[in-house]
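J.: Contents of upload-v4.cif (mmCIF, C-alpha atoms (C1' of nucleotides)) are given next:
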data_final
loop_
_atom_site.label_atom_id
_atom_site.label_comp_id
_atom_site.auth_asym_id
_atom_site.auth_seq_id
_atom_site.Cartn_x
_atom_site.Cartn_y
_atom_site.Cartn_z
CA MET A 28 16.94 -8.55 62.11
CA ARG A 29 20.08 -7.15 60.56
CA LEU A 30 22.60 -4.89 62.15
CA SER A 31 23.06 -1.59 60.32
CA THR A 32 26.43 -0.41 59.09
CA LYS A 33 26.77 1.64 62.24
CA GLY A 34 27.06 -1.42 64.41
CA ARG A 35 29.24 -3.28 61.98
CA TYR A 36 31.62 -0.47 61.16
CA GLY A 37 31.75 0.60 64.76
CA MET A 38 32.74 -2.88 65.77
CA ARG A 39 35.47 -2.91 63.16
CA ALA A 40 36.80 0.45 64.28
CA MET A 41 36.79 -0.56 67.93
CA LEU A 42 38.67 -3.73 67.17
CA ALA A 43 41.18 -1.71 65.18
CA LEU A 44 41.68 0.56 68.19
CA ALA A 45 41.96 -2.43 70.49
CA ARG A 46 44.74 -3.89 68.37
CA ARG A 47 46.74 -0.74 68.95
CA TYR A 48 45.80 -0.23 72.56
CA GLY A 49 48.62 1.47 74.48
CA GLU A 50 50.23 2.97 71.39
CA GLY A 51 48.76 6.44 71.80
CA PRO A 52 46.10 8.08 69.67
CA VAL A 53 45.29 6.57 66.30
CA PRO A 54 44.06 9.02 63.67
CA LEU A 55 40.74 8.19 62.10
CA LYS A 56 42.22 8.33 58.66
CA GLU A 57 44.35 5.30 59.39
CA ILE A 58 41.46 3.29 60.71
CA ALA A 59 39.26 4.25 57.81
CA GLU A 60 41.91 3.33 55.27
CA GLY A 61 42.86 0.15 57.07
CA GLU A 62 39.29 -1.03 57.23
CA GLY A 63 38.21 0.37 53.89
CA LEU A 64 35.56 2.65 55.34
CA SER A 65 34.53 6.23 54.70
CA GLU A 66 36.38 8.52 57.06
CA ALA A 67 33.61 11.10 57.23
CA TYR A 68 31.02 8.49 58.07
CA LEU A 69 33.21 6.78 60.62
CA GLU A 70 33.66 10.16 62.26
CA GLN A 71 29.98 10.26 63.12
CA LEU A 72 30.15 6.88 64.73
CA MET A 73 33.22 7.82 66.73
CA SER A 74 31.41 10.87 67.95
CA GLU A 75 28.68 8.68 69.42
CA LEU A 76 31.19 6.27 70.87
CA ARG A 77 33.08 9.15 72.43
CA LYS A 78 29.96 10.63 74.00
CA ALA A 79 29.31 7.21 75.48
CA GLY A 80 32.83 7.07 76.89
CA LEU A 81 33.91 4.05 74.85
CA VAL A 82 36.65 6.04 73.14
CA ARG A 83 38.60 9.15 74.01
CA SER A 84 39.82 11.62 71.47
CA VAL A 85 42.91 13.77 71.23
CA ARG A 86 42.53 16.80 69.05
CA GLY A 87 45.08 18.60 66.96
CA ALA A 88 48.05 17.31 65.01
CA GLN A 89 49.27 13.90 66.15
CA GLY A 90 45.84 13.40 67.62
CA GLY A 91 43.39 10.62 67.10
CA TYR A 92 41.27 8.17 69.03
CA LEU A 93 42.01 5.78 71.87
CA LEU A 94 39.89 3.25 73.66
CA GLY A 95 38.21 4.76 76.67
CA ARG A 96 38.92 1.68 78.78
CA GLU A 97 41.07 -1.38 78.42
CA PRO A 98 39.93 -3.87 75.78
CA ALA A 99 38.92 -6.36 78.46
CA ALA A 100 36.46 -3.83 79.84
CA ILE A 101 34.59 -3.12 76.60
CA THR A 102 32.07 -5.61 75.31
CA ALA A 103 30.44 -5.96 71.94
CA GLY A 104 27.22 -5.22 73.78
CA ASP A 105 28.55 -1.83 74.88
CA ILE A 106 29.37 -0.91 71.32
CA ILE A 107 26.16 -2.21 69.78
CA ARG A 108 23.99 -0.50 72.36
CA VAL A 109 25.62 2.85 71.63
CA LEU A 110 25.38 2.58 67.87
CA GLU A 111 22.20 0.59 67.37
CA GLY A 112 20.21 1.53 70.43
CA PRO A 113 19.01 -0.70 73.24
CA ILE A 114 18.85 -4.38 72.50
CA GLY A 115 15.48 -5.96 71.87
CA PRO A 116 13.68 -7.44 68.88
CA VAL A 117 10.55 -5.39 69.48
CA GLN A 118 9.82 -2.05 71.08
CA CYS A 119 7.85 -3.48 73.96
CA VAL A 120 10.71 -5.54 75.37
CA ILE A 121 13.50 -3.07 74.73
CA GLU A 122 16.02 -2.90 77.53
CA ILE A 123 15.43 0.53 78.98
CA PRO A 124 15.10 1.01 82.70
CA GLY A 125 11.62 2.40 83.12
CA GLY A 126 10.83 2.13 79.43
CA GLU A 127 7.23 1.90 78.36
CA VAL A 128 5.71 -1.48 78.87
CA CYS A 129 2.51 -2.27 77.10
CA HIS A 130 -0.53 -2.58 79.29
CA ARG A 131 -1.25 -6.18 78.39
CA ALA A 132 2.28 -7.19 79.19
CA GLU A 133 1.30 -9.71 81.83
CA TYR A 134 -0.79 -11.84 79.55
CA CYS A 135 1.17 -11.64 76.33
CA VAL A 136 2.94 -14.78 75.11
CA GLU A 137 4.75 -13.13 72.26
CA ARG A 138 6.31 -10.87 74.78
CA ILE A 139 7.83 -13.81 76.56
CA LEU A 140 9.33 -15.03 73.33
CA TRP A 141 10.74 -11.63 72.47
CA GLU A 142 12.17 -11.29 75.94
CA ARG A 143 13.92 -14.60 75.63
CA LEU A 144 15.30 -13.49 72.32
CA ARG A 145 16.48 -10.19 73.72
CA ASP A 146 18.23 -11.86 76.63
CA SER A 147 19.86 -14.38 74.39
CA ILE A 148 21.21 -11.66 72.12
CA ALA A 149 22.40 -9.60 75.06
CA GLN A 150 24.14 -12.58 76.56
CA VAL A 151 26.21 -13.23 73.46
CA LEU A 152 27.06 -9.58 72.98
CA ASP A 153 27.84 -8.87 76.59
CA GLY A 154 29.91 -12.03 76.82
CA SER A 155 32.46 -10.92 74.24
CA THR A 156 34.97 -8.25 75.17
CA LEU A 157 37.34 -6.70 72.69
CA ALA A 158 40.14 -8.51 74.50
CA ASP A 159 38.37 -11.84 74.03
CA LEU A 160 37.96 -11.19 70.35
CA LEU A 161 41.61 -10.29 69.89
CA VAL A 162 42.62 -13.51 71.57
CA GLU A 163 40.39 -15.44 69.21
CA GLU A 164 41.77 -13.49 66.31
CA LYS A 165 45.28 -14.48 67.27
CA LYS A 166 44.21 -18.11 67.51
CA ILE A 167 42.70 -18.29 64.07
CA ALA A 168 45.58 -16.32 62.60
CA LEU A 169 48.05 -18.83 64.01
CA ALA A 170 45.91 -21.78 63.04
CA SER A 171 45.64 -20.77 59.42
CA GLY A 172 48.91 -18.93 59.08
CA GLY A 173 47.05 -15.97 57.60
CA TRP A 174 47.28 -12.28 58.27
CA GLU A 175 44.07 -10.90 56.94
CA ARG A 176 41.50 -9.33 59.17
CA SER A 177 38.00 -8.08 58.60
CA CYS A 178 35.50 -9.26 56.06
CA GLN A 179 35.35 -6.48 53.54
CA PRO A 180 31.68 -6.74 52.58
CA SER A 181 30.39 -7.44 56.06
CA MET B 20 18.14 -5.18 65.47
CA ARG B 21 14.39 -4.83 65.52
CA LEU B 22 11.86 -7.11 63.96
CA SER B 23 9.62 -5.41 61.42
CA THR B 24 5.86 -5.47 61.66
CA LYS B 25 5.83 -8.40 59.28
CA GLY B 26 7.45 -10.69 61.78
CA ARG B 27 5.46 -9.35 64.69
CA TYR B 28 2.07 -9.33 63.04
CA GLY B 29 2.75 -12.66 61.40
CA MET B 30 3.54 -14.17 64.76
CA ARG B 31 0.33 -12.78 66.18
CA ALA B 32 -1.72 -14.13 63.31
CA MET B 33 -0.14 -17.56 63.54
CA LEU B 34 -0.82 -17.74 67.24
CA ALA B 35 -4.40 -16.74 66.58
CA LEU B 36 -4.71 -19.58 64.09
CA ALA B 37 -3.05 -21.97 66.49
CA ARG B 38 -5.60 -21.14 69.17
CA ARG B 39 -8.32 -22.25 66.81
CA TYR B 40 -6.53 -25.21 65.34
CA GLY B 41 -8.97 -27.95 64.34
CA GLU B 42 -11.95 -25.62 64.05
CA GLY B 43 -11.84 -25.25 60.30
CA PRO B 44 -10.88 -22.19 58.30
CA VAL B 45 -10.71 -18.85 60.09
CA PRO B 46 -11.44 -15.81 57.93
CA LEU B 47 -8.77 -13.15 57.88
CA LYS B 48 -11.25 -10.53 58.90
CA GLU B 49 -11.71 -12.18 62.27
CA ILE B 50 -8.01 -12.42 62.90
CA ALA B 51 -7.41 -8.84 61.84
CA GLU B 52 -10.19 -7.56 64.05
CA GLY B 53 -9.24 -9.76 66.95
CA GLU B 54 -5.63 -8.60 66.82
CA GLY B 55 -6.34 -5.05 65.81
CA LEU B 56 -4.41 -5.25 62.57
CA SER B 57 -5.12 -4.06 59.03
CA GLU B 58 -6.80 -6.86 57.11
CA ALA B 59 -5.32 -5.84 53.76
CA TYR B 60 -1.82 -5.76 55.15
CA LEU B 61 -2.20 -9.04 56.98
CA GLU B 62 -3.33 -10.54 53.70
CA GLN B 63 0.08 -9.94 52.21
CA LEU B 64 1.75 -11.69 55.10
CA MET B 65 -0.63 -14.63 54.87
CA SER B 66 0.19 -14.91 51.20
CA GLU B 67 3.86 -15.37 52.04
CA LEU B 68 3.09 -17.79 54.82
CA ARG B 69 0.88 -19.79 52.49
CA LYS B 70 3.54 -20.00 49.78
CA ALA B 71 5.87 -21.30 52.46
CA GLY B 72 3.33 -23.93 53.49
CA LEU B 73 2.88 -22.63 57.02
CA VAL B 74 -0.80 -21.95 56.41
CA ARG B 75 -3.39 -23.32 54.01
CA SER B 76 -6.22 -21.28 52.62
CA VAL B 77 -9.79 -22.07 51.71
CA ARG B 78 -11.34 -19.71 49.23
CA GLY B 79 -14.91 -18.58 48.92
CA ALA B 80 -17.59 -17.94 51.48
CA GLN B 81 -16.99 -19.77 54.75
CA GLY B 82 -13.34 -19.87 53.74
CA GLY B 83 -10.33 -18.63 55.59
CA TYR B 84 -6.95 -19.77 56.75
CA LEU B 85 -5.76 -22.80 58.67
CA LEU B 86 -2.38 -23.81 59.96
CA GLY B 87 -0.48 -25.86 57.43
CA ARG B 88 0.74 -28.26 60.11
CA GLU B 89 -0.08 -28.92 63.72
CA PRO B 90 0.99 -26.18 66.15
CA ALA B 91 3.69 -28.42 67.60
CA ALA B 92 5.32 -28.63 64.19
CA ILE B 93 5.60 -24.89 63.54
CA THR B 94 8.30 -22.89 65.25
CA ALA B 95 8.72 -19.17 65.67
CA GLY B 96 11.84 -19.62 63.57
CA ASP B 97 9.77 -20.95 60.68
CA ILE B 98 7.54 -17.92 60.77
CA ILE B 99 10.29 -15.36 61.20
CA ARG B 100 12.37 -16.82 58.40
CA VAL B 101 9.46 -16.59 55.99
CA LEU B 102 8.55 -13.03 56.88
CA GLU B 103 11.89 -11.48 57.76
CA GLY B 104 14.25 -13.52 55.66
CA PRO B 105 17.07 -15.78 56.78
CA ILE B 106 18.34 -15.26 60.27
CA GLY B 107 21.65 -13.50 60.73
CA PRO B 108 22.79 -10.14 62.09
CA VAL B 109 24.94 -9.39 59.04
CA GLN B 110 24.82 -10.43 55.42
CA CYS B 111 28.01 -12.44 55.54
CA VAL B 112 26.77 -14.92 58.13
CA ILE B 113 23.22 -15.24 56.90
CA GLU B 114 21.90 -18.77 57.01
CA ILE B 115 21.55 -19.71 53.39
CA PRO B 116 22.86 -23.01 52.16
CA GLY B 117 25.46 -22.06 49.61
CA GLY B 118 25.06 -18.38 50.30
CA GLU B 119 27.92 -16.05 49.55
CA VAL B 120 30.69 -16.15 52.06
CA CYS B 121 33.17 -13.35 52.05
CA HIS B 122 36.66 -14.29 50.92
CA ARG B 123 38.36 -13.35 54.15
CA ALA B 124 35.94 -15.44 56.14
CA GLU B 125 38.60 -17.65 57.65
CA TYR B 126 40.46 -14.86 59.36
CA CYS B 127 37.63 -12.59 60.45
CA VAL B 128 36.92 -12.28 64.16
CA GLU B 129 33.76 -10.22 63.76
CA ARG B 130 32.40 -13.01 61.71
CA ILE B 131 32.80 -15.40 64.61
CA LEU B 132 30.88 -13.05 66.85
CA TRP B 133 28.10 -12.58 64.32
CA GLU B 134 27.88 -16.33 63.83
CA ARG B 135 27.51 -16.88 67.52
CA LEU B 136 24.79 -14.25 67.59
CA ARG B 137 22.99 -15.81 64.65
CA ASP B 138 23.07 -19.26 66.22
CA SER B 139 21.87 -17.92 69.51
CA ILE B 140 18.92 -16.19 67.87
CA ALA B 141 18.09 -19.23 65.79
CA GLN B 142 18.20 -21.44 68.84
CA VAL B 143 15.63 -19.39 70.71
CA LEU B 144 13.36 -19.06 67.70
CA ASP B 145 13.61 -22.67 66.62
CA GLY B 146 13.09 -23.83 70.16
CA SER B 147 9.62 -22.34 70.48
CA THR B 148 6.75 -24.01 68.68
CA LEU B 149 3.30 -22.51 68.51
CA ALA B 150 2.14 -25.34 70.75
CA ASP B 151 4.79 -24.44 73.33
CA LEU B 152 3.67 -20.84 73.30
CA LEU B 153 0.03 -21.75 73.75
CA VAL B 154 0.95 -23.86 76.75
CA GLU B 155 2.80 -20.93 78.25
CA GLU B 156 -0.08 -18.68 77.46
CA LYS B 157 -2.42 -20.94 79.33
CA LYS B 158 -0.05 -20.97 82.28
CA ILE B 159 0.19 -17.23 82.60
CA ALA B 160 -3.54 -16.84 82.04
CA LEU B 161 -4.24 -19.21 84.90
CA ALA B 162 -1.59 -17.68 87.10
CA SER B 163 -2.94 -14.17 86.75
CA GLY B 164 -6.58 -15.00 86.18
CA GLY B 165 -6.65 -12.76 83.13
CA TRP B 166 -8.04 -13.28 79.68
CA GLU B 167 -6.25 -10.76 77.55
CA ARG B 168 -3.86 -11.73 74.84
CA SER B 169 -1.51 -9.84 72.62
CA CYS B 170 0.25 -6.61 73.34
CA GLN B 171 -1.49 -4.09 71.21
CA PRO B 172 1.44 -1.81 70.39
CA SER B 173 4.04 -4.54 70.00
"C1'" DA C 26 51.81 30.17 60.76
"C1'" DC C 27 50.51 26.04 59.05
"C1'" DA C 28 49.14 21.56 58.69
"C1'" DA C 29 47.10 17.70 60.94
"C1'" DA C 30 43.82 16.19 63.20
"C1'" DG C 31 39.02 16.09 65.61
"C1'" DC C 32 34.09 18.42 65.93
"C1'" DC C 33 29.68 19.65 64.16
"C1'" DG C 34 25.47 20.26 61.61
"C1'" DA C 35 23.11 20.11 57.38
"C1'" DG C 36 21.76 17.93 53.29
"C1'" DC C 37 20.52 14.26 50.21
"C1'" DG C 38 19.45 10.33 47.15
"C1'" DG C 39 17.98 5.74 47.40
"C1'" DA C 40 15.97 1.97 49.84
"C1'" DT C 41 12.76 0.16 52.95
"C1'" DT C 42 8.55 0.05 55.64
"C1'" DA C 43 3.93 -0.16 56.42
"C1'" DC C 44 0.48 0.28 54.54
"C1'" DT C 45 -3.75 1.35 50.96
"C1'" DT C 46 -6.28 0.73 46.72
"C1'" DG C 47 -8.51 -1.50 43.27
"C1'" DG C 48 -9.40 -4.91 41.07
"C1'" DG C 49 -9.92 -9.93 40.17
"C1'" DA C 50 -11.17 -15.27 41.03
"C1'" DT C 51 -13.62 -18.82 43.84
"C1'" DT C 52 -16.95 -20.81 46.51
"C1'" DT C 53 -21.07 -21.29 49.37
"C1'" DA C 54 -25.79 -19.89 50.68
"C1'" DG C 55 -30.17 -18.66 49.50
"C1'" DC D 22 -28.50 -17.93 39.38
"C1'" DT D 23 -27.15 -14.54 41.90
"C1'" DA D 24 -25.21 -12.33 45.75
"C1'" DA D 25 -22.16 -12.31 49.35
"C1'" DA D 26 -18.11 -13.87 51.46
"C1'" DT D 27 -13.80 -14.85 51.01
"C1'" DC D 28 -9.04 -15.31 49.20
"C1'" DC D 29 -5.63 -13.56 45.49
"C1'" DC D 30 -2.68 -10.29 43.27
"C1'" DA D 31 -0.29 -6.19 41.62
"C1'" DA D 32 0.49 -1.50 41.96
"C1'" DG D 33 0.95 2.76 44.28
"C1'" DT D 34 2.42 5.81 48.09
"C1'" DA D 35 3.70 8.57 52.06
"C1'" DA D 36 6.93 8.56 55.48
"C1'" DT D 37 10.92 7.13 57.44
"C1'" DC D 38 15.49 5.44 57.72
"C1'" DC D 39 20.14 4.49 55.91
"C1'" DG D 40 24.42 5.49 54.46
"C1'" DC D 41 26.64 8.44 53.35
"C1'" DT D 42 28.81 13.46 51.63
"C1'" DC D 43 30.00 18.33 52.30
"C1'" DG D 44 31.51 22.50 54.26
"C1'" DG D 45 33.24 24.83 57.75
"C1'" DC D 46 34.98 25.35 62.47
"C1'" DT D 47 38.29 24.41 66.51
"C1'" DT D 48 42.32 22.56 68.64
"C1'" DT D 49 47.13 21.52 68.81
"C1'" DG D 50 51.89 20.02 67.63
"C1'" DT D 51 56.01 21.54 64.80
#
Any chance you could put this one into structure tokens?
T.:
Amino acid sequence: MRLSTKGRYGMRAMLALARRYGEGPVPLKEIAEGEGLSEAYLEQLMSELRKAGLVRSVRGAQGGYLLGREPAAITAGDIIRVLEGPIGPVQCVIEIPGGEVCHRAEYCVERILWERLRDSIAQVLDGSTLADLLVEEKKIALASGGWERSCQPS
Amino acid sequence: MRLSTKGRYGMRAMLALARRYGEGPVPLKEIAEGEGLSEAYLEQLMSELRKAGLVRSVRGAQGGYLLGREPAAITAGDIIRVLEGPIGPVQCVIEIPGGEVCHRAEYCVERILWERLRDSIAQVLDGSTLADLLVEEKKIALASGGWERSCQPS
DNA sequence: ACAAAGCCGAGCGGATTACTTGGGATTTAG
DNA sequence: CTAAATCCCAAGTAATCCGCTCGGCTTTGT
């Protein structure tokens, strides 16, 4: 039940973009350096996020990436779903409209448990927008007087 | 964010044992056949569950496995933690007493999100005992008049 | 024109997963 | 006493996934 680096790095990158929302395109190189991530790898993630509409890109010199919508309109759930696939602890309760449901679904207790788990995860993720997180970030920064940002090893 | 087969099969096996709680040892072969799982593989999982005290084993002919405690005293969280490791979507918020915490922990917003997610997952899992699940199983069985049990593909 | 960026697809080594295999050691039944 | 039923354990293995890297192309501002 761990997130892969895609979800984690993607989240970091999106937060980085959110911090600079409204400042025009941010080149990937800056994000990668700022967050200590591989630029080439991050590029793949951005590609997926772009196809999903969560970021826009501007090509050419002075180009870079921007959030596709305002930070208040992008949730952690949006990002995780793009990079990690639909939420759900097991295949048979995955959140896909019209996805395959196993034939014994009606009588299966485990299924009920996994569904509860899925919904609980989705609720947390969908309940946090990038804007929310930035507000919290500001709070803890003020509270502790610090400046630092992301966990490096995360 | 998927459970592996260990967690899923383990949950199935534990529910199977819970259904026959008080009837003496149940041989693995029966469970494996009943749930449609590989006996040899299940054996490995039972070994871990036994070391964790969630099941007891009786060796020799007429032997088998029994729950280590009453069904009301075993939660899904207990089982998942044994088979999938400590709960937590990322390494840096894993639930280990005295586990490593990354040095920037205080100022890291992602961390707060991942902690919320971890707690939410743990709450669902720790809130469901085997006894609870059997009660629900009985309810849905009565409601739909069916007899079938676990999702096969899950 | 040139440099700064994004875009794309392939490759790749290491880890993990989901098993299987092959042997023990124990216990009960006959 | 022996045979069968069971659990116990360690090793092996094929396939998949992860977490990247690499090379080359396209677009665009100066």
J.: Which chain A residues are at most 12 Å from chain C (counting all atoms listed in the file), as a list in words?
T.: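 In the required form, that comes to Pro52, Val53, Pro54, Leu55, Lys56, Glu57, Glu66, Ala67, Glu70, Gln71, Met73, Ser74, Glu75, Arg77, Lys78, Arg83, Ser84, Val85, Arg86, Gly87, Ala88, Gln89, Gly90, Gly91 and Tyr92 of chain A.
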J.: Could you spell out the hits of the PyMOL selection byres ((chain A and resi 116) around 6) on the shown file, as a ChimeraX atom specification?
T.: /A:115,117 /B:21-22
J.: Decode the PyMOL selection byres ((chain A and resi 160) around 9) for the given file into explicit residues and return them as a list of chain:residue names.
T.: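 Taken over the shown coordinates, the PyMOL selection byres ((chain A and resi 160) around 9) returns A:Leu42, A:Ser155, A:Thr156, A:Leu157, A:Ala158, A:Asp159, A:Leu161, A:Val162, A:Glu163, A:Glu164, A:Lys165, B:Val128, B:Glu129, B:Ile131, B:Leu132.
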J.: Residues of chain D near chain B: apply a cut-off of 8 Å, count only C-alpha atoms (C1' of nucleotides), and supply the list as a PDB file with C-alpha atoms (C1' of nucleotides), in the frame of the given file.
T.:
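Result went into result.pdb, see below:
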ATOM      1  C1'  DA D  25     -22.160 -12.310  49.350  1.00  0.00           C
ATOM      2  C1'  DA D  26     -18.110 -13.870  51.460  1.00  0.00           C
ATOM      3  C1'  DT D  27     -13.800 -14.850  51.010  1.00  0.00           C
ATOM      4  C1'  DC D  28      -9.040 -15.310  49.200  1.00  0.00           C
TER       5       DC D  28
END
J.: Convert the output of the PyMOL selection byres ((chain B and resi 96) around 8) on the shown file into explicit residues, formatted as a PDB file with C-alpha atoms, in the frame of the given file.
T.:
ATOM      1  CA  THR B  94       8.300 -22.890  65.250  1.00  0.00           C
ATOM      2  CA  ALA B  95       8.720 -19.170  65.670  1.00  0.00           C
ATOM      3  CA  ASP B  97       9.770 -20.950  60.680  1.00  0.00           C
ATOM      4  CA  ILE B  98       7.540 -17.920  60.770  1.00  0.00           C
ATOM      5  CA  ILE B  99      10.290 -15.360  61.200  1.00  0.00           C
ATOM      6  CA  ARG B 100      12.370 -16.820  58.400  1.00  0.00           C
ATOM      7  CA  ALA B 141      18.090 -19.230  65.790  1.00  0.00           C
ATOM      8  CA  LEU B 144      13.360 -19.060  67.700  1.00  0.00           C
ATOM      9  CA  ASP B 145      13.610 -22.670  66.620  1.00  0.00           C
ATOM     10  CA  GLY B 146      13.090 -23.830  70.160  1.00  0.00           C
ATOM     11  CA  SER B 147       9.620 -22.340  70.480  1.00  0.00           C
TER      12      SER B 147
END
J.: Grab the CA of Glu60 in chain A to CA of Arg135 in chain B distance for me, in Å with one decimal place.
T.: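 We find that CA of Glu60 in chain A and CA of Arg135 in chain B lie 27.7 Å from each other.
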J.: CA of Lys25 in chain B and CA of Leu85 in chain B, how far apart in Å?
T.: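 Pair CA of Leu85 in chain B / CA of Lys25 in chain B returns 18.5 Å.
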J.: Just to confirm, what's the straight-line distance from CA of Arg130 in chain B to CA of Val112 in chain B in Å (one decimal)?
T.: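 Interatomic distance here is 6.9 Å.
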J.: Considering all atoms listed in the file, can you say which of A:Tyr134, A:Tyr36, A:Trp141, A:Lys166 comes closest to chain B?
T.: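 Ranking A:Tyr134, A:Tyr36, A:Trp141, A:Lys166 by distance to chain B, first place goes to A:Tyr134.
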J.: Rank nothing, just name the residue among B:Met20, B:Val101, B:Ala37, B:Ala51 nearest to chain A, using all atoms listed in the file.
T.: B:Met20
J.: Can you work out which one of B:Ile113, B:Val143, B:Cys127, B:Ala35 has the shortest atom-to-atom distance to Ala168 in chain A, counting only C-alpha atoms?
T.: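 That would be B:Cys127, the residue with the smallest distance to Ala168 in chain A.
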J.: With only C-alpha atoms as the atoms that count, which of B:Leu73, B:Ala32, B:Leu68, B:Ile115 lies nearest to Gly55 in chain B?
T.: B:Ala32
J.: With distances taken over all atoms listed in the file, which residue among B:Glu114, B:Gly43, B:Ala71, B:Met30 lies nearest chain A?
T.: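 Residue with the minimum atom-to-atom distance to chain A: B:Met30.
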J.: Because some atoms of range 21-33 of chain B are absent here, can you restore N, CA, C and O atoms and send them as a short mmCIF file (atom, residue, chain, number, x, y, z; two decimals), in the frame of the given file?
T.:
data_model
loop_
_atom_site.label_atom_id
_atom_site.label_comp_id
_atom_site.auth_asym_id
_atom_site.auth_seq_id
_atom_site.Cartn_x
_atom_site.Cartn_y
_atom_site.Cartn_z
N ARG B 21 15.80 -4.66 65.21
CA ARG B 21 14.39 -4.83 65.52
C ARG B 21 13.73 -5.70 64.46
O ARG B 21 14.11 -5.67 63.30
N LEU B 22 12.72 -6.41 64.90
CA LEU B 22 11.86 -7.11 63.96
C LEU B 22 10.98 -6.07 63.29
O LEU B 22 10.62 -5.07 63.91
N SER B 23 10.59 -6.31 62.05
CA SER B 23 9.62 -5.41 61.42
C SER B 23 8.21 -5.87 61.79
O SER B 23 8.03 -6.90 62.44
N THR B 24 7.25 -5.08 61.36
CA THR B 24 5.86 -5.47 61.66
C THR B 24 5.50 -6.81 61.03
O THR B 24 4.64 -7.51 61.55
N LYS B 25 6.16 -7.14 59.94
CA LYS B 25 5.83 -8.40 59.28
C LYS B 25 6.03 -9.57 60.24
O LYS B 25 5.14 -10.40 60.42
N GLY B 26 7.19 -9.61 60.84
CA GLY B 26 7.45 -10.69 61.78
C GLY B 26 6.52 -10.66 62.98
O GLY B 26 6.02 -11.69 63.43
N ARG B 27 6.27 -9.45 63.48
CA ARG B 27 5.46 -9.35 64.69
C ARG B 27 4.01 -9.68 64.42
O ARG B 27 3.39 -10.48 65.13
N TYR B 28 3.46 -9.06 63.37
CA TYR B 28 2.07 -9.33 63.04
C TYR B 28 1.89 -10.79 62.63
O TYR B 28 0.90 -11.43 63.00
N GLY B 29 2.83 -11.28 61.86
CA GLY B 29 2.75 -12.66 61.40
C GLY B 29 2.71 -13.62 62.57
O GLY B 29 1.93 -14.56 62.60
N MET B 30 3.51 -13.34 63.56
CA MET B 30 3.54 -14.17 64.76
C MET B 30 2.18 -14.12 65.46
O MET B 30 1.65 -15.15 65.89
N ARG B 31 1.64 -12.94 65.55
CA ARG B 31 0.33 -12.78 66.18
C ARG B 31 -0.73 -13.58 65.45
O ARG B 31 -1.53 -14.30 66.05
N ALA B 32 -0.72 -13.45 64.13
CA ALA B 32 -1.72 -14.13 63.31
C ALA B 32 -1.58 -15.64 63.45
O ALA B 32 -2.58 -16.37 63.57
N MET B 33 -0.36 -16.12 63.45
CA MET B 33 -0.14 -17.56 63.54
C MET B 33 -0.58 -18.09 64.89
O MET B 33 -1.13 -19.19 65.00
#
